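S.K.: My structure file protein.cif, mmCIF, C-alpha atoms, is below:
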data_data
loop_
_atom_site.label_atom_id
_atom_site.label_comp_id
_atom_site.auth_asym_id
_atom_site.auth_seq_id
_atom_site.Cartn_x
_atom_site.Cartn_y
_atom_site.Cartn_z
CA MET A 1 0.00 0.00 0.00
CA SER A 2 1.17 3.48 -0.76
CA HIS A 3 -0.51 5.00 2.32
CA PRO A 4 -1.95 3.72 5.60
CA PRO A 5 -5.54 2.45 5.47
CA TYR A 6 -8.26 5.05 5.96
CA ASP A 7 -10.41 4.90 9.07
CA THR A 8 -12.95 7.41 7.79
CA PRO A 9 -16.11 5.94 6.25
CA ILE A 10 -17.33 6.88 2.80
CA GLY A 11 -20.42 9.08 2.59
CA ALA A 12 -23.19 8.25 0.15
CA THR A 13 -26.11 10.29 -1.14
CA ALA A 14 -28.71 9.84 -3.86
CA GLU A 15 -29.25 12.57 -6.43
CA GLN A 16 -31.13 12.48 -9.71
CA GLY A 17 -31.23 8.68 -9.77
CA LEU A 18 -27.54 8.16 -9.05
CA VAL A 19 -25.61 7.25 -5.93
CA LEU A 20 -22.81 9.70 -5.16
CA LEU A 21 -19.87 8.65 -3.01
CA ASP A 22 -17.59 11.07 -1.20
CA GLY A 23 -14.71 9.92 0.92
CA PRO A 24 -11.17 10.33 2.16
CA GLY A 25 -8.24 10.82 -0.17
CA GLY A 26 -10.35 12.79 -2.62
CA LEU A 27 -12.75 9.96 -3.41
CA ALA A 28 -15.69 11.26 -5.41
CA LEU A 29 -17.68 9.14 -7.84
CA SER A 30 -21.16 8.41 -9.06
CA MET A 31 -22.72 4.99 -9.60
CA THR A 32 -25.94 3.58 -10.91
CA PRO A 33 -28.22 2.17 -8.23
CA ALA A 34 -27.48 -1.40 -9.41
CA ALA A 35 -23.72 -0.85 -9.28
CA ALA A 36 -23.98 0.78 -5.86
CA ASP A 37 -26.08 -2.10 -4.52
CA ALA A 38 -23.66 -4.75 -5.80
CA SER A 39 -20.70 -2.75 -4.49
CA ALA A 40 -22.29 -2.36 -1.05
CA LYS A 41 -22.85 -6.12 -0.81
CA ALA A 42 -19.28 -6.88 -1.88
CA LEU A 43 -17.93 -4.31 0.57
CA ALA A 44 -19.99 -5.78 3.42
CA ARG A 45 -18.72 -9.30 2.64
CA ALA A 46 -15.11 -8.10 2.51
CA ALA A 47 -15.51 -6.16 5.77
CA GLU A 48 -16.88 -9.26 7.51
CA GLU A 49 -14.01 -11.37 6.17
CA ALA A 50 -11.39 -8.81 7.22
CA GLU A 51 -12.93 -8.57 10.69
CA ALA A 52 -12.84 -12.35 11.02
CA GLN A 53 -9.18 -12.35 9.99
CA THR A 54 -8.32 -9.89 12.76
CA SER A 55 -10.34 -11.78 15.37
CA GLY A 56 -8.71 -15.14 14.71
CA GLU A 57 -11.66 -16.68 12.87
CA VAL A 58 -11.42 -18.32 9.48
CA SER A 59 -13.94 -18.08 6.66
CA ASP A 60 -15.99 -21.14 5.77
CA GLY A 61 -15.61 -20.41 2.07
CA GLY A 62 -18.39 -17.95 1.42
CA SER A 63 -21.53 -19.11 3.23
CA GLY A 64 -21.36 -16.05 5.48
CA ARG A 65 -20.48 -18.04 8.58
CA SER A 66 -17.16 -17.97 10.38
CA VAL A 67 -15.49 -20.75 12.31
CA GLY A 68 -13.22 -20.13 15.30
CA ALA A 69 -9.56 -20.81 14.52
#
Could you take the file, read its structure, and then write that structure out as structure tokens?

M.R.:
Amino acid sequence: MSHPPYDTPIGATAEQGLVLLDGPGGLALSMTPAAADASAKALARAAEEAEAQTSGEVSDGGSGRSVGA
């Protein structure tokens, strides 16, 4: 990584049928509702997996459940 990870969440708003994201490091982009929905789900899955990695749990391969290491 070229910089430390951000600890500031991304803001999201809806305007004129688009989802607008605004975040740290100059992040600013617009997405269709479908792209925003798919991205939100992928981000939630990745956040859960990363949290499990830091808590000593291991993923069960994608079913959404974690198993203690």

S.K.: I would like the residues chosen by the PyMOL selection byres ((chain A and resi 9-23) around 12) on the shown file; could you give them as a list in words?

M.R.: Pro5, Tyr6, Asp7, Thr8, Pro24, Gly25, Gly26, Leu27, Ala28, Leu29, Ser30, Met31, Thr32, Pro33, Ala34, Ala35, Ala36, Asp37, Ser39, Ala40 and Leu43 of chain A

S.K.: Any idea what the distance is between CA of Ala44 in chain A and CA of Pro4 in chain A?

M.R.: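 Value for the CA of Ala44 in chain A-CA of Pro4 in chain A distance: 20.5 Å.
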
S.K.: With 6 Å of padding per side, what axis-aligned box (centre and edge lengths, Å, one decimal) covers all the listed atoms of range 41-50 of chain A? Give it as lines of an AutoDock Vina configuration file.

M.R.:
center_x = -17.1
center_y = -7.8
center_z = 2.8
size_x = 23.5
size_y = 19.1
size_z = 21.4
